[in-house]
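Chemist: One structure follows; several queries about it will come next.
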Amino acid sequence: MKKTIYKFFLVATLGSTFSACNDDFLQRDPHTDITADQFFNTATDLETYTNGLYAQMRYSYEDLGTDNISLYTGSTETDQLLIGSLNEGNIGGWSDWSDLRRINYMLSRADRVQGDQAEINHYIGIARFFRAWYYFEKVKRYSDVPWYTIDLTDNAEELLYKTQDSRVDVMDNVLEDLNFAVANILPGSDKTKITNEAALLLLSRVSLFEGTFRKYHEELNLGATANDWLNVSMEASKKLIDARSLEIYNTGNVAEDYSGIFRSADLSANHEMILYADADQKLGVGNNSHVVYNWQWSLSKNLVDSYLMTDGTFFSKVPGWDKKGFVEVFENRDPRMKATIAYPGFKTTDDGEPARTSPNFGGYMQAKFYPEEALRLGWNLNFTDLPIFRFAEALLNFAEAKAELGLLTQDDLNKSVNLLRARAGMPDMQMDKLSIDELIASRYPQIAGNAVLLEIRRERRVELACEGLRYQDILRWAAGEVYDGGQQGMYVPQLGAFDVTGDGLQDIAILEAPGMESPLDELSTEVKKNLSMYYLKDENGSAQSFYLSEGDHGFINFTKNKNNVPQFIGPNYYYRPLPQQQLILNSNLVQNQFWK
């Protein structure tokens, strides 16, 4: 017992050593008095140390800063970017190198460990998995970054003050780390730990990103190597499919199977999970997933328009599709839409009244990840397990990589995308019957004539909505134009009262201003008393948070975007500038080439 306590104390101490804040660009910290000689001796030591790396792992239940969001009352870095107010003088970032140092600290000392080499390599593989993930995030942000394989000390000034390594070199090293992880991390049944399947999924994700990024970003002049990465993604995804240890969660309950993944108290027996964050009410380990509904953001019309009709036809082909009110827009749509967006009749409590949407947010409130009442107990006290990697992504990666390579067949679709459609009760995607949805094609002009790729991108968007992957998809597809003009909310046919709960009775009213209630004149006193009131202007005539695109009708637009219209400028905005302070601290660093 004393030995175990000592090991955890040592890990905690080493961790605190690397987390101190200072002004150095690589957060150099004072030497520790605790020596590694007493610790890195056995595979158990490595296990204990790698347990501390899991704090670097992140889950997501939102897509802030993307075209899936209509309004966010806070402000993301992307929001500031799109209105031109982000620059090297005010941007953050570049300050999390301590996470890398924790990883490299172990890797630099693992060669002294004695024991079963397969077990030792398993934990080295986990550390290299985390290093690959760390650098993947860095490359997504900056493209060129310094590559380090050792933990740096104050004496290593030449390394501390080196310049960036090229994207090509860094990503080659990331690939080497992931290949080692795949070859050495052992299979496991505990999906809260990194397994061989998790390493394959990350390899699939990273290589799909890099392959498509190089293909669609001509400014890098790396298109000739794009297919190499796409082949890696295809093969990694195929290994997950062929292993047959994973399967799409599908009990035949179309209404519950998909939505249940994101509000489950226990995902341990769910064979779609590759990696998930475990909540435990007894230990008080919870999350804040309740904030997805009616707190600071809502989902966009752009996302709503992406869902197919239940018969597989395009929503954009329905007569009057762009003038449908809130209740109508949910009718006969892909069931994943109601699992993602709070629909007419959605309830937040088991015995409560149907929730009324909030037009000041745009109207399309997020329902995906919102916990059931019994699991929703307060701030950081929502006890739902949260997916980090799931098999659905591997299927989508496989289909997209093969389509990008021109190798996709109907059989490939049947063992990938069509498994996801089957769970949702949607018709199969059939390659020989696909046509082009001009609405979707307008969002991706580089592939506007490729019906297969367009539909795979649609499927990816609706299946993975709010899981934190949309932003990187926009980046890698060079699709930044989807931001131009900002996002919109629901359609409002005229000022007055509306039914938004689906019971045929008016529940909310949108009016010009207080005192201008004439559109409600025909309503009974009882109905008027029960209305939730929203105004475009206050009593002094000042604009409120939203307005209608056509004045007294139209789509909900947001006042904050009216005079600061979002615009994506490529290729600059696909990257981030290095903070000016870091360039001063290390004169060998150079500003991102697209921000000079």
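Each chain in the structure tokens gets a letter, A, B, ..., in the order shown, and its residues are numbered from 1; ligands are numbered from 1 in order too.
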Give me the stretch 441-551 of chain A side of the contact with stretch 262-281 of chain A, cut-off 12 Å, one line per residue showing its nearest atom pair and distance in Å at one decimal, counting only C-alpha atoms, sorted by chain and residue number, as CSV.
Modeler:
residue,atom,partner,partner_atom,distance
A:Glu463,CA,A:Phe262,CA,12.0
A:Leu464,CA,A:Phe262,CA,11.2
A:Ala465,CA,A:Phe262,CA,11.4
A:Cys466,CA,A:Phe262,CA,10.4
A:Glu467,CA,A:Phe262,CA,9.7
Chemist: Residues at most 10 Å from A:Glu235, counting only C-alpha atoms, excluding those fewer than 6 positions away in the same chain, as a ChimeraX atom specification?
Modeler: /A:200,203-204,229,241,398,401-402
Chemist: Taking the backbone alone, and naming residues the way the document does, which bits of stretch 15-143 of chain A are strand (DSSP E or B) by DSSP, as a ChimeraX atom specification?
Modeler: /A:69-72
Chemist: Would you write out those residues with N, CA and C atoms, as a PDB file, in the first residue's frame?
Modeler:
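Dumped to part04.pdb:
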ATOM      1  N   ILE A  69     -23.974  26.109 -35.452  1.00  0.00           N
ATOM      2  CA  ILE A  69     -24.469  26.974 -34.372  1.00  0.00           C
ATOM      3  C   ILE A  69     -25.027  28.257 -34.972  1.00  0.00           C
ATOM      4  N   SER A  70     -26.252  28.617 -34.562  1.00  0.00           N
ATOM      5  CA  SER A  70     -26.826  29.873 -35.060  1.00  0.00           C
ATOM      6  C   SER A  70     -26.364  31.051 -34.217  1.00  0.00           C
ATOM      7  N   LEU A  71     -26.400  30.875 -32.920  1.00  0.00           N
ATOM      8  CA  LEU A  71     -26.026  31.963 -32.011  1.00  0.00           C
ATOM      9  C   LEU A  71     -25.318  31.397 -30.804  1.00  0.00           C
ATOM     10  N   TYR A  72     -24.259  32.068 -30.396  1.00  0.00           N
ATOM     11  CA  TYR A  72     -23.587  31.786 -29.136  1.00  0.00           C
ATOM     12  C   TYR A  72     -23.451  33.111 -28.413  1.00  0.00           C
TER      13      TYR A  72
END
Chemist: Pick out each residue of stretch 463-574 of chain A that DSSP on the backbone tags as helix (DSSP H, G or I); I need them as a list in words.
Modeler: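 So the helix (DSSP H, G or I) residues in stretch 463-574 of chain A would be Glu463, Leu464, Arg470, Tyr471, Gln472, Asp473, Ile474, Leu475, Arg476, Gly480, Glu481, Val482, Tyr483, Ser518, Pro519, Leu520, Thr525, Glu526, Val527, Lys528, Lys529, Thr559, Lys560, Asn561, Lys562, Asn572, Tyr573 and Tyr574 of chain A.
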Chemist: What lies within 10 Å of stretch 528-538 of chain A using only C-alpha atoms, ignoring chain neighbours under 3 positions off, as number ranges by chain?
Modeler: A: 356-360, 495-499, 505-516, 520-525, 541-548, 551-552, 559
Chemist: Produce a table with one row for each residue of stretch 402-463 of chain A that has an atom at most 7 Å from any atom of stretch 379-396 of chain A, each row naming the nearest atom pair and its distance in Å at one decimal; use only C-alpha atoms; arrange rows by chain and rising residue number; format as JSON lines.
Modeler:
{"residue": "A:Ser416", "atom": "CA", "partner": "A:Leu395", "partner_atom": "CA", "distance": 4.6}
{"residue": "A:Val417", "atom": "CA", "partner": "A:Leu396", "partner_atom": "CA", "distance": 6.2}
{"residue": "A:Arg460", "atom": "CA", "partner": "A:Leu396", "partner_atom": "CA", "distance": 6.3}
Chemist: Go through A:Leu375, A:Ser108, A:Gln114, A:Leu178 one by one, measure the shortest atom-to-atom distance of each to A:Thr149 using only C-alpha atoms, and give the residue with the smallest value.
Modeler: A:Ser108
Chemist: Interatomic distance between atom CA of A:Thr313 and atom CA of A:Arg457?
Modeler: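 Answer for the atom CA of A:Thr313 to atom CA of A:Arg457 separation: 15.7 Å.
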Chemist: Write out as a PyMOL selection string the residues lying within 12 Å of A:Asp257, counting only C-alpha atoms and excluding same-chain residues fewer than 2 positions away.
Modeler: chain A and resi 248-255+259-264+270+272+335-336+339+420-425
Chemist: Which residues are near A:Glu328? Cut-off 10 Å, only C-alpha atoms, ignore same chain within fewer than 6 positions. Put them as a PDB file with C-alpha atoms, in the first residue's frame.
Modeler:
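Output contents, as saved in selection-v1.pdb:
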ATOM      1  CA  TRP A 321     -39.212  24.166 -47.936  1.00  0.00           C
ATOM      2  CA  PRO A 344     -42.258  20.508 -31.023  1.00  0.00           C
ATOM      3  CA  VAL A 500     -44.166  25.839 -31.276  1.00  0.00           C
ATOM      4  CA  GLY A 502     -47.207  21.057 -31.811  1.00  0.00           C
TER       5      GLY A 502
END
